[in-house]
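Reproduced below: upload24.cif, with mmCIF, C-alpha atoms (C1' of nucleotides).
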```cif
data_coords
#
loop_
_atom_site.group_PDB
_atom_site.id
_atom_site.type_symbol
_atom_site.label_atom_id
_atom_site.label_comp_id
_atom_site.auth_asym_id
_atom_site.auth_seq_id
_atom_site.Cartn_x
_atom_site.Cartn_y
_atom_site.Cartn_z
ATOM 1 C CA MET X 1 71.735 94.281 136.206
ATOM 2 C CA LYS X 2 73.688 92.710 139.036
ATOM 3 C CA ASN X 3 76.759 93.868 140.897
ATOM 4 C CA SER X 4 80.087 92.612 139.697
ATOM 5 C CA LYS X 5 83.517 93.051 141.202
ATOM 6 C CA LYS X 6 85.178 92.750 137.826
ATOM 7 C CA ARG X 7 83.001 95.489 136.388
ATOM 8 C CA ASP X 8 83.966 97.719 139.299
ATOM 9 C CA ARG X 9 87.640 97.065 138.710
ATOM 10 C CA ILE X 10 87.283 98.036 135.070
ATOM 11 C CA LEU X 11 85.530 101.300 135.848
ATOM 12 C CA LYS X 12 87.998 102.190 138.586
ATOM 13 C CA LEU X 13 90.768 102.414 135.981
ATOM 14 C CA PHE X 14 89.087 105.483 134.524
ATOM 15 C CA SER X 15 88.539 107.280 137.821
ATOM 16 C CA ASN X 16 91.562 109.531 137.426
ATOM 17 C CA GLY X 17 90.346 110.826 134.093
ATOM 18 C CA PHE X 18 92.539 108.437 132.158
ATOM 19 C CA LEU X 19 91.909 107.836 128.478
ATOM 20 C CA LEU X 20 92.228 104.112 127.689
ATOM 21 C CA THR X 21 91.637 101.703 124.831
ATOM 22 C CA ALA X 22 90.095 98.273 125.360
ATOM 23 C CA SER X 23 93.512 96.694 124.778
ATOM 24 C CA GLN X 24 95.101 98.902 127.385
ATOM 25 C CA VAL X 25 92.438 97.865 129.875
ATOM 26 C CA CYS X 26 93.153 94.226 129.016
ATOM 27 C CA GLY X 27 96.832 94.848 129.721
ATOM 28 C CA LEU X 28 96.093 96.459 133.079
ATOM 29 C CA ILE X 29 93.739 93.675 134.215
ATOM 30 C CA PRO X 30 95.088 90.493 132.592
ATOM 31 C CA ASP X 31 92.935 88.144 134.675
ATOM 32 C CA ILE X 32 89.707 89.498 133.177
ATOM 33 C CA ASP X 33 88.738 88.108 129.792
ATOM 34 C CA ARG X 34 88.836 90.318 126.725
ATOM 35 C CA ALA X 35 85.179 89.681 125.937
ATOM 36 C CA THR X 36 84.146 90.749 129.426
ATOM 37 C CA ILE X 37 86.111 93.955 129.100
ATOM 38 C CA TYR X 38 84.601 94.788 125.721
ATOM 39 C CA ARG X 39 81.103 93.977 126.972
ATOM 40 C CA ASN X 40 81.474 96.155 130.053
ATOM 41 C CA LEU X 41 82.990 99.075 128.190
ATOM 42 C CA SER X 42 79.985 99.038 125.840
ATOM 43 C CA LEU X 43 77.686 98.795 128.826
ATOM 44 C CA PHE X 44 79.281 101.845 130.459
ATOM 45 C CA VAL X 45 78.892 103.780 127.238
ATOM 46 C CA GLU X 46 75.199 102.841 127.000
ATOM 47 C CA GLN X 47 74.706 104.080 130.533
ATOM 48 C CA GLY X 48 76.502 107.317 129.831
ATOM 49 C CA ILE X 49 79.236 106.585 132.356
ATOM 50 C CA LEU X 50 81.995 106.321 129.778
ATOM 51 C CA ARG X 51 82.342 108.141 126.495
ATOM 52 C CA GLU X 52 83.908 106.895 123.270
ATOM 53 C CA VAL X 53 86.639 109.008 121.716
ATOM 54 C CA ASN X 54 88.407 108.590 118.391
ATOM 55 C CA VAL X 55 91.840 109.911 119.256
ATOM 56 C CA LYS X 56 93.752 106.876 118.007
ATOM 57 C CA LYS X 57 93.364 105.759 114.425
ATOM 58 C CA GLY X 58 91.435 102.542 114.092
ATOM 59 C CA VAL X 59 90.946 102.022 117.830
ATOM 60 C CA MET X 60 88.251 103.261 120.152
ATOM 61 C CA SER X 61 89.342 105.035 123.324
ATOM 62 C CA TYR X 62 87.250 105.505 126.445
ATOM 63 C CA GLU X 63 87.129 108.074 129.214
ATOM 64 C CA LEU X 64 84.766 109.213 131.952
ATOM 65 C CA SER X 65 81.831 111.175 130.632
ATOM 66 C CA LYS X 66 80.778 113.717 133.221
ATOM 67 C CA ILE X 67 77.537 115.590 132.695
ATOM 68 C CA GLY X 68 78.118 119.038 131.272
ATOM 69 C CA ASP X 69 81.690 118.134 130.491
ATOM 70 C CA HIS X 70 83.230 120.053 127.639
ATOM 71 C CA HIS X 71 86.339 118.047 127.704
ATOM 72 C CA GLN X 72 87.919 117.582 124.282
ATOM 73 C CA HIS X 73 91.317 116.618 122.845
ATOM 74 C CA PHE X 74 94.334 117.994 121.062
ATOM 75 C CA ILE X 75 96.390 115.288 119.366
ATOM 76 C CA CYS X 76 99.980 115.990 118.329
ATOM 77 C CA ASN X 77 100.594 114.908 114.741
ATOM 78 C CA ASN X 78 104.250 114.415 115.610
ATOM 79 C CA CYS X 79 104.467 112.537 118.910
ATOM 80 C CA GLU X 80 100.826 111.442 119.126
ATOM 81 C CA LYS X 81 100.481 112.835 122.609
ATOM 82 C CA VAL X 82 96.921 113.650 123.653
ATOM 83 C CA VAL X 83 96.371 116.930 125.479
ATOM 84 C CA HIS X 84 93.079 117.618 127.213
ATOM 85 C CA VAL X 85 91.336 120.915 126.480
ATOM 86 C CA GLU X 86 88.171 122.560 127.726
ATOM 87 C CA VAL X 87 85.774 123.770 125.058
ATOM 88 C CA ASP X 88 82.828 126.111 125.333
ATOM 89 C CA ASP X 89 80.067 124.663 123.184
ATOM 90 C CA LYS X 90 78.115 127.910 122.767
ATOM 91 C CA PHE X 91 79.399 128.406 119.253
ATOM 92 C CA LEU X 92 78.067 124.995 118.210
ATOM 93 C CA LYS X 93 74.434 126.033 118.325
ATOM 94 C CA GLN X 94 74.742 127.980 115.093
ATOM 95 C CA VAL X 95 76.288 125.030 113.286
ATOM 96 C CA ILE X 96 73.620 122.368 113.889
ATOM 97 C CA PRO X 97 71.590 121.415 110.803
ATOM 98 C CA ASN X 98 68.019 122.683 110.522
ATOM 99 C CA GLY X 99 65.550 120.720 112.595
ATOM 100 C CA ALA X 100 68.249 118.616 114.250
ATOM 101 C CA SER X 101 69.052 118.586 117.957
ATOM 102 C CA LEU X 102 72.527 118.293 119.437
ATOM 103 C CA GLU X 103 73.107 115.608 122.044
ATOM 104 C CA ASN X 104 76.885 115.579 122.243
ATOM 105 C CA PHE X 105 79.959 116.198 120.142
ATOM 106 C CA GLU X 106 83.562 115.221 119.638
ATOM 107 C CA LEU X 107 86.236 117.725 118.715
ATOM 108 C CA ASN X 108 89.690 116.497 117.796
ATOM 109 C CA LEU X 109 92.238 119.246 117.293
ATOM 110 C CA LYS X 110 95.384 118.183 115.491
ATOM 111 C CA GLY X 111 98.721 119.891 115.161
ATOM 112 C CA LYS X 112 102.110 120.208 116.777
ATOM 113 C CA CYS X 113 102.344 120.247 120.556
ATOM 114 C CA GLU X 114 104.563 122.530 122.651
ATOM 115 C CA ASP X 115 107.255 119.885 123.222
ATOM 116 C CA CYS X 116 107.577 119.083 119.534
ATOM 117 C CA HIS X 117 107.994 122.750 118.678
ATOM 118 C CA ALA X 118 111.076 123.037 120.898
ATOM 119 C CA MET O 1 105.287 108.408 91.534
ATOM 120 C CA LYS O 2 103.845 107.076 88.310
ATOM 121 C CA ASN O 3 100.428 107.410 86.751
ATOM 122 C CA SER O 4 97.996 104.603 87.356
ATOM 123 C CA LYS O 5 94.537 104.067 85.889
ATOM 124 C CA LYS O 6 93.420 102.176 88.972
ATOM 125 C CA ARG O 7 94.479 105.014 91.234
ATOM 126 C CA ASP O 8 92.498 107.424 89.077
ATOM 127 C CA ARG O 9 89.420 105.233 89.299
ATOM 128 C CA ILE O 10 89.661 105.169 93.089
ATOM 129 C CA LEU O 11 89.965 108.939 93.381
ATOM 130 C CA LYS O 12 87.132 109.520 90.920
ATOM 131 C CA LEU O 13 84.707 107.885 93.359
ATOM 132 C CA PHE O 14 85.186 110.800 95.733
ATOM 133 C CA SER O 15 84.740 113.551 93.132
ATOM 134 C CA ASN O 16 81.126 114.218 94.075
ATOM 135 C CA GLY O 17 82.019 114.861 97.685
ATOM 136 C CA PHE O 18 81.074 111.353 98.724
ATOM 137 C CA LEU O 19 82.170 110.010 102.093
ATOM 138 C CA LEU O 20 83.384 106.395 101.707
ATOM 139 C CA THR O 21 85.078 103.699 103.738
ATOM 140 C CA ALA O 22 87.768 101.447 102.271
ATOM 141 C CA SER O 23 85.285 98.559 102.202
ATOM 142 C CA GLN O 24 82.767 100.639 100.305
ATOM 143 C CA VAL O 25 85.421 101.503 97.749
ATOM 144 C CA CYS O 26 86.220 97.789 97.451
ATOM 145 C CA GLY O 27 82.560 97.103 96.811
ATOM 146 C CA LEU O 28 82.340 99.762 94.129
ATOM 147 C CA ILE O 29 85.499 98.586 92.306
ATOM 148 C CA PRO O 30 85.613 94.815 92.852
ATOM 149 C CA ASP O 31 88.341 94.212 90.271
ATOM 150 C CA ILE O 32 90.895 96.235 92.233
ATOM 151 C CA ASP O 33 92.587 94.409 95.082
ATOM 152 C CA ARG O 34 91.887 95.409 98.673
ATOM 153 C CA ALA O 35 95.573 96.055 99.405
ATOM 154 C CA THR O 36 95.813 98.399 96.437
ATOM 155 C CA ILE O 37 92.786 100.339 97.605
ATOM 156 C CA TYR O 38 94.126 100.691 101.146
ATOM 157 C CA ARG O 39 97.550 101.715 99.844
ATOM 158 C CA ASN O 40 96.126 104.359 97.560
ATOM 159 C CA LEU O 41 93.752 105.763 100.146
ATOM 160 C CA SER O 42 96.718 106.231 102.498
ATOM 161 C CA LEU O 43 98.683 107.778 99.681
ATOM 162 C CA PHE O 44 95.908 110.280 98.942
ATOM 163 C CA VAL O 45 95.782 111.197 102.617
ATOM 164 C CA GLU O 46 99.550 111.759 102.729
ATOM 165 C CA GLN O 47 99.259 114.048 99.731
ATOM 166 C CA GLY O 48 96.402 115.977 101.299
ATOM 167 C CA ILE O 49 93.980 114.988 98.554
ATOM 168 C CA LEU O 50 91.751 112.937 100.814
ATOM 169 C CA ARG O 51 91.002 113.424 104.485
ATOM 170 C CA GLU O 52 90.277 110.787 107.137
ATOM 171 C CA VAL O 53 87.080 111.116 109.120
ATOM 172 C CA ASN O 54 85.863 109.074 112.089
ATOM 173 C CA VAL O 55 82.132 109.162 111.492
ATOM 174 C CA LYS O 56 81.628 105.417 111.661
ATOM 175 C CA LYS O 57 82.656 103.504 114.751
ATOM 176 C CA GLY O 58 85.740 101.382 114.211
ATOM 177 C CA VAL O 59 86.129 102.206 110.532
ATOM 178 C CA MET O 60 87.945 105.019 108.811
ATOM 179 C CA SER O 61 85.996 107.059 106.268
ATOM 180 C CA TYR O 62 87.498 109.210 103.538
ATOM 181 C CA GLU O 63 86.413 112.293 101.661
ATOM 182 C CA LEU O 64 87.921 115.010 99.488
ATOM 183 C CA SER O 65 89.974 117.485 101.451
ATOM 184 C CA LYS O 66 89.814 120.873 99.792
ATOM 185 C CA ILE O 67 92.144 123.606 100.994
ATOM 186 C CA GLY O 68 90.448 125.942 103.446
ATOM 187 C CA ASP O 69 87.567 123.561 103.747
ATOM 188 C CA HIS O 70 85.628 123.824 106.993
ATOM 189 C CA HIS O 71 83.515 120.895 106.156
ATOM 190 C CA GLN O 72 82.454 118.862 109.203
ATOM 191 C CA HIS O 73 79.783 116.307 110.099
ATOM 192 C CA PHE O 74 76.587 115.845 112.029
ATOM 193 C CA ILE O 75 75.822 112.188 112.727
ATOM 194 C CA CYS O 76 72.319 111.118 113.721
ATOM 195 C CA ASN O 77 72.396 108.896 116.799
ATOM 196 C CA ASN O 78 69.158 107.321 115.644
ATOM 197 C CA CYS O 79 69.470 106.569 111.908
ATOM 198 C CA GLU O 80 73.213 107.065 111.594
ATOM 199 C CA LYS O 81 72.783 109.427 108.706
ATOM 200 C CA VAL O 82 75.687 111.814 108.132
ATOM 201 C CA VAL O 83 74.826 115.440 107.395
ATOM 202 C CA HIS O 84 77.499 117.798 106.125
ATOM 203 C CA VAL O 85 77.893 121.125 107.899
ATOM 204 C CA GLU O 86 80.119 124.144 107.386
ATOM 205 C CA VAL O 87 82.044 125.333 110.424
ATOM 206 C CA ASP O 88 83.836 128.586 111.032
ATOM 207 C CA ASP O 89 87.078 127.731 112.799
ATOM 208 C CA LYS O 90 87.689 131.179 114.269
ATOM 209 C CA PHE O 91 86.554 130.067 117.718
ATOM 210 C CA LEU O 92 89.147 127.281 117.756
ATOM 211 C CA LYS O 93 92.099 129.618 118.180
ATOM 212 C CA GLN O 94 91.271 130.244 121.831
ATOM 213 C CA VAL O 95 91.059 126.529 122.581
ATOM 214 C CA ILE O 96 94.486 125.393 121.403
ATOM 215 C CA PRO O 97 96.906 124.423 124.197
ATOM 216 C CA ASN O 98 99.752 126.791 125.065
ATOM 217 C CA GLY O 99 102.648 126.612 122.651
ATOM 218 C CA ALA O 100 100.863 124.250 120.290
ATOM 219 C CA SER O 101 99.924 125.001 116.697
ATOM 220 C CA LEU O 102 96.740 123.870 114.988
ATOM 221 C CA GLU O 103 97.062 122.072 111.664
ATOM 222 C CA ASN O 104 93.573 120.675 111.243
ATOM 223 C CA PHE O 105 90.621 119.443 113.229
ATOM 224 C CA GLU O 106 87.678 117.105 113.187
ATOM 225 C CA LEU O 107 84.325 117.994 114.665
ATOM 226 C CA ASN O 108 81.645 115.331 114.972
ATOM 227 C CA LEU O 109 78.300 116.631 116.123
ATOM 228 C CA LYS O 110 75.896 113.960 117.345
ATOM 229 C CA GLY O 111 72.181 114.101 117.985
ATOM 230 C CA LYS O 112 68.831 113.549 116.341
ATOM 231 C CA CYS O 113 68.383 114.620 112.726
ATOM 232 C CA GLU O 114 65.350 116.395 111.284
ATOM 233 C CA ASP O 115 63.828 113.211 109.824
ATOM 234 C CA CYS O 116 64.068 111.309 113.080
ATOM 235 C CA HIS O 117 62.345 114.130 114.957
ATOM 236 C CA ALA O 118 59.250 113.857 112.761
ATOM 237 C "C1'" DT A 1 110.575 101.355 69.149
ATOM 238 C "C1'" DT A 2 112.828 98.695 72.417
ATOM 239 C "C1'" DT A 3 114.834 98.182 76.780
ATOM 240 C "C1'" DG A 4 115.643 98.720 81.632
ATOM 241 C "C1'" DA A 5 114.543 100.771 86.098
ATOM 242 C "C1'" DC A 6 111.323 101.083 89.269
ATOM 243 C "C1'" DA A 7 106.598 102.045 90.710
ATOM 244 C "C1'" DA A 8 102.058 99.801 91.156
ATOM 245 C "C1'" DT A 9 99.401 95.764 91.696
ATOM 246 C "C1'" DG A 10 97.730 91.078 93.215
ATOM 247 C "C1'" DC A 11 98.030 87.494 96.206
ATOM 248 C "C1'" DG A 12 98.495 85.435 100.440
ATOM 249 C "C1'" DA A 13 99.490 85.664 105.082
ATOM 250 C "C1'" DC A 14 99.146 88.018 109.109
ATOM 251 C "C1'" DA A 15 97.968 91.103 113.332
ATOM 252 C "C1'" DA A 16 94.647 93.687 115.867
ATOM 253 C "C1'" DT A 17 90.099 95.052 117.054
ATOM 254 C "C1'" DG A 18 85.797 93.797 118.153
ATOM 255 C "C1'" DT A 19 81.580 90.453 118.390
ATOM 256 C "C1'" DT A 20 78.951 86.290 119.355
ATOM 257 C "C1'" DG A 21 77.243 81.589 121.103
ATOM 258 C "C1'" DC A 22 77.349 78.669 124.705
ATOM 259 C "C1'" DA A 23 78.716 76.376 128.904
ATOM 260 C "C1'" DT A 24 80.049 77.716 133.542
ATOM 261 C "C1'" DT A 25 80.151 80.745 137.523
ATOM 262 C "C1'" DA A 26 78.438 84.474 140.456
ATOM 263 C "C1'" DT A 27 74.765 87.334 142.323
ATOM 264 C "C1'" DT A 28 70.356 88.147 144.217
ATOM 265 C "C1'" DA A 29 65.652 87.541 145.674
ATOM 266 C "C1'" DT A 30 62.552 84.254 147.568
ATOM 267 C "C1'" DA V 1 69.141 76.844 150.556
ATOM 268 C "C1'" DT V 2 67.498 77.210 146.154
ATOM 269 C "C1'" DA V 3 66.046 78.890 141.817
ATOM 270 C "C1'" DA V 4 66.274 82.486 138.419
ATOM 271 C "C1'" DT V 5 69.068 85.124 135.904
ATOM 272 C "C1'" DA V 6 73.025 88.077 135.085
ATOM 273 C "C1'" DA V 7 78.070 87.955 134.363
ATOM 274 C "C1'" DT V 8 82.039 85.617 132.869
ATOM 275 C "C1'" DG V 9 85.381 82.636 130.209
ATOM 276 C "C1'" DC V 10 86.404 80.307 126.278
ATOM 277 C "C1'" DA V 11 86.574 79.574 121.580
ATOM 278 C "C1'" DA V 12 85.421 80.798 117.195
ATOM 279 C "C1'" DC V 13 84.624 84.198 114.050
ATOM 280 C "C1'" DA V 14 84.179 88.702 111.110
ATOM 281 C "C1'" DT V 15 86.276 92.876 109.814
ATOM 282 C "C1'" DT V 16 89.756 96.239 109.243
ATOM 283 C "C1'" DG V 17 94.131 97.137 108.034
ATOM 284 C "C1'" DT V 18 99.213 95.919 107.001
ATOM 285 C "C1'" DC V 19 103.168 93.600 104.877
ATOM 286 C "C1'" DG V 20 106.368 90.756 101.887
ATOM 287 C "C1'" DC V 21 107.119 89.204 97.565
ATOM 288 C "C1'" DA V 22 106.374 87.864 92.821
ATOM 289 C "C1'" DT V 23 104.292 89.855 88.730
ATOM 290 C "C1'" DT V 24 102.642 93.567 85.885
ATOM 291 C "C1'" DG V 25 102.510 98.325 84.293
ATOM 292 C "C1'" DT V 26 104.581 102.956 83.443
ATOM 293 C "C1'" DC V 27 107.957 105.959 81.756
ATOM 294 C "C1'" DA V 28 112.215 107.674 80.199
ATOM 295 C "C1'" DA V 29 116.532 106.933 77.880
ATOM 296 C "C1'" DA V 30 119.006 104.694 74.302
#
```
Kindly return the structure encoded in the file as structure tokens.
Amino acid sequence: MKNSKKRDRILKLFSNGFLLTASQVCGLIPDIDRATIYRNLSLFVEQGILREVNVKKGVMSYELSKIGDHHQHFICNNCEKVVHVEVDDKFLKQVIPNGASLENFELNLKGKCEDCHA
Amino acid sequence: MKNSKKRDRILKLFSNGFLLTASQVCGLIPDIDRATIYRNLSLFVEQGILREVNVKKGVMSYELSKIGDHHQHFICNNCEKVVHVEVDDKFLKQVIPNGASLENFELNLKGKCEDCHA
DNA sequence: TTTGACAATGCGACAATGTTGCATTATTAT
DNA sequence: ATAATAATGCAACATTGTCGCATTGTCAAA
């Protein structure tokens, strides 16, 4: 694997903890080809640098995957806003099927956010 | 809303608790048009009869949504098998953002299943 | 039972997401 | 500087999912 300025520019977009789809990345860096963006996002996921999240229907979203991160998401059914929540994964141990081992998990909470209640 | 034999045939596929994508439904009932299948799956979701689940990357899966069901999924990172698990949602209350209300949730556990450990 | 209103379906076209092959360009070690 | 090879751009493609519109099916009222 060689260095690449374009790859760096893609990763930098996520440095503030932003949650982005491939299309959004394409929009933010129009001079980089779509295929390159898709390839690099997959690469980052393989390397454990980014994490895939299913918060938008039919589209994969990506965000930084920090080790020991228990970062999960609340999605408002009304305005589709995504709120970040911290989850303790202790309770998960008792849920895992017999003989299986847990590597990671995705929790999507859905409901009505504070703003939409007012 | 009127009765429809085709709609009944689509729903019947899920009666054994099967987890199916739209394409799989199309494959099982080739004489029903794709658009009809998509329309009816969405309809069932609106009515709360089916539930959408993101267990396969980039494709929506559907399964029966029973009231009070705490049915969730463990997906093997190795063989991609989906194992059904029952989850107590008591712990979720403390996780919900301030002022928000929880309507439902999706938990995808990922790791190595029993078979792939052996 | 027949008719009319309207829901459901089929067909075709379309948009969006994501992947792949291949020629070209960039990086790196020698 | 050069050769090996990784990264990129481009184009084509597959798949998922949606939509408009003509046709067919369902149901209730006459």
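Using only C-alpha atoms (C1' of nucleotides), the shortest contact distance between chain O and any of V:DA7, V:DC19, V:DA14, V:DA1 is found at V:DC19.
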Could you make a table, as a Markdown table, of the residues of chain X that have an atom within 8 Å of an atom of chain O, each with its nearest atom pair and distance in Å to one decimal, counting all atoms listed in the file, in chain and number order?
```
| residue | atom | partner | partner_atom | distance |
| --- | --- | --- | --- | --- |
| X:Asn54 | CA | O:Asn54 | CA | 6.8 |
| X:Lys57 | CA | O:Met60 | CA | 7.8 |
| X:Gly58 | CA | O:Gly58 | CA | 5.8 |
| X:Val59 | CA | O:Gly58 | CA | 6.4 |
| X:Met60 | CA | O:Gly58 | CA | 6.7 |
| X:Phe74 | CA | O:Ile96 | CA | 7.4 |
| X:Val83 | CA | O:Pro97 | CA | 7.6 |
| X:Val85 | CA | O:Val95 | CA | 6.8 |
| X:Glu86 | CA | O:Val95 | CA | 7.1 |
| X:Val87 | CA | O:Val95 | CA | 6.5 |
| X:Phe91 | CA | O:Phe91 | CA | 7.5 |
| X:Val95 | CA | O:Val87 | CA | 6.4 |
| X:Ile96 | CA | O:Phe74 | CA | 7.4 |
| X:Pro97 | CA | O:Val85 | CA | 6.9 |
| X:Asn98 | CA | O:Glu114 | CA | 6.9 |
| X:Gly99 | CA | O:Glu114 | CA | 4.5 |
| X:Ala100 | CA | O:Cys113 | CA | 4.3 |
| X:Ser101 | CA | O:Lys112 | CA | 5.3 |
| X:Leu102 | CA | O:Gly111 | CA | 4.4 |
| X:Glu103 | CA | O:Gly111 | CA | 4.4 |
| X:Asn104 | CA | O:Lys110 | CA | 5.3 |
| X:Phe105 | CA | O:Leu109 | CA | 4.4 |
| X:Glu106 | CA | O:Asn108 | CA | 5.0 |
| X:Leu107 | CA | O:Leu107 | CA | 4.5 |
| X:Asn108 | CA | O:Glu106 | CA | 5.1 |
| X:Leu109 | CA | O:Phe105 | CA | 4.4 |
| X:Lys110 | CA | O:Asn104 | CA | 5.2 |
| X:Gly111 | CA | O:Glu103 | CA | 4.4 |
| X:Lys112 | CA | O:Ser101 | CA | 5.3 |
| X:Cys113 | CA | O:Ala100 | CA | 4.3 |
| X:Glu114 | CA | O:Gly99 | CA | 4.5 |
| X:His117 | CA | O:Ala100 | CA | 7.5 |
```
Deliver the residues from the most recent selection as a file, using C-alpha atoms, as a PDB file, in the frame of the given file.
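New file part36.pdb:
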```pdb
ATOM      1  CA  ASN X  54      88.407 108.590 118.391  1.00  0.00           C
ATOM      2  CA  LYS X  57      93.364 105.759 114.425  1.00  0.00           C
ATOM      3  CA  GLY X  58      91.435 102.542 114.092  1.00  0.00           C
ATOM      4  CA  VAL X  59      90.946 102.022 117.830  1.00  0.00           C
ATOM      5  CA  MET X  60      88.251 103.261 120.152  1.00  0.00           C
ATOM      6  CA  PHE X  74      94.334 117.994 121.062  1.00  0.00           C
ATOM      7  CA  VAL X  83      96.371 116.930 125.479  1.00  0.00           C
ATOM      8  CA  VAL X  85      91.336 120.915 126.480  1.00  0.00           C
ATOM      9  CA  GLU X  86      88.171 122.560 127.726  1.00  0.00           C
ATOM     10  CA  VAL X  87      85.774 123.770 125.058  1.00  0.00           C
ATOM     11  CA  PHE X  91      79.399 128.406 119.253  1.00  0.00           C
ATOM     12  CA  VAL X  95      76.288 125.030 113.286  1.00  0.00           C
ATOM     13  CA  ILE X  96      73.620 122.368 113.889  1.00  0.00           C
ATOM     14  CA  PRO X  97      71.590 121.415 110.803  1.00  0.00           C
ATOM     15  CA  ASN X  98      68.019 122.683 110.522  1.00  0.00           C
ATOM     16  CA  GLY X  99      65.550 120.720 112.595  1.00  0.00           C
ATOM     17  CA  ALA X 100      68.249 118.616 114.250  1.00  0.00           C
ATOM     18  CA  SER X 101      69.052 118.586 117.957  1.00  0.00           C
ATOM     19  CA  LEU X 102      72.527 118.293 119.437  1.00  0.00           C
ATOM     20  CA  GLU X 103      73.107 115.608 122.044  1.00  0.00           C
ATOM     21  CA  ASN X 104      76.885 115.579 122.243  1.00  0.00           C
ATOM     22  CA  PHE X 105      79.959 116.198 120.142  1.00  0.00           C
ATOM     23  CA  GLU X 106      83.562 115.221 119.638  1.00  0.00           C
ATOM     24  CA  LEU X 107      86.236 117.725 118.715  1.00  0.00           C
ATOM     25  CA  ASN X 108      89.690 116.497 117.796  1.00  0.00           C
ATOM     26  CA  LEU X 109      92.238 119.246 117.293  1.00  0.00           C
ATOM     27  CA  LYS X 110      95.384 118.183 115.491  1.00  0.00           C
ATOM     28  CA  GLY X 111      98.721 119.891 115.161  1.00  0.00           C
ATOM     29  CA  LYS X 112     102.110 120.208 116.777  1.00  0.00           C
ATOM     30  CA  CYS X 113     102.344 120.247 120.556  1.00  0.00           C
ATOM     31  CA  GLU X 114     104.563 122.530 122.651  1.00  0.00           C
ATOM     32  CA  HIS X 117     107.994 122.750 118.678  1.00  0.00           C
TER      33      HIS X 117
END
```
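Here CA of Ser4 (chain O) is placed at a distance of 17.0 Å from CA of Glu46 (chain O).
Evaluated on this file, the PyMOL selection byres ((chain O) within 10 of (chain V)) matches O:Met1, O:Lys2, O:Asn3, O:Ser4, O:Lys5, O:Ala22, O:Ser23, O:Arg34, O:Ala35, O:Tyr38, O:Arg39, O:Gly58, O:Val59, O:Met60.
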**Message:** Using all atoms listed in the file, I'd like every residue of chain A that has an atom within 10 Å of chain X; please write them out as a PyMOL selection string.
**Reply:** chain A and resi 16-20+26-28
**Message:** If I take CA of Gly27 (chain X) and C1' of DC14 (chain A), how far is one from the other in Å, to one decimal?
**Reply:** 21.8 Å
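Across the structure, CA of Leu28 (chain O) and CA of Lys6 (chain O) are spaced 12.5 Å apart.
Protein, DNA and RNA residues at most 9 Å from (90.1, 94.3, 135.0), with all atoms listed in the file, are these: Lys6, Arg7, Asp8, Arg9, Ile10, Leu11, Lys12, Leu13, Val25, Cys26, Gly27, Leu28, Ile29, Pro30, Asp31, Ile32, Asp33, Thr36 and Ile37 of chain X.
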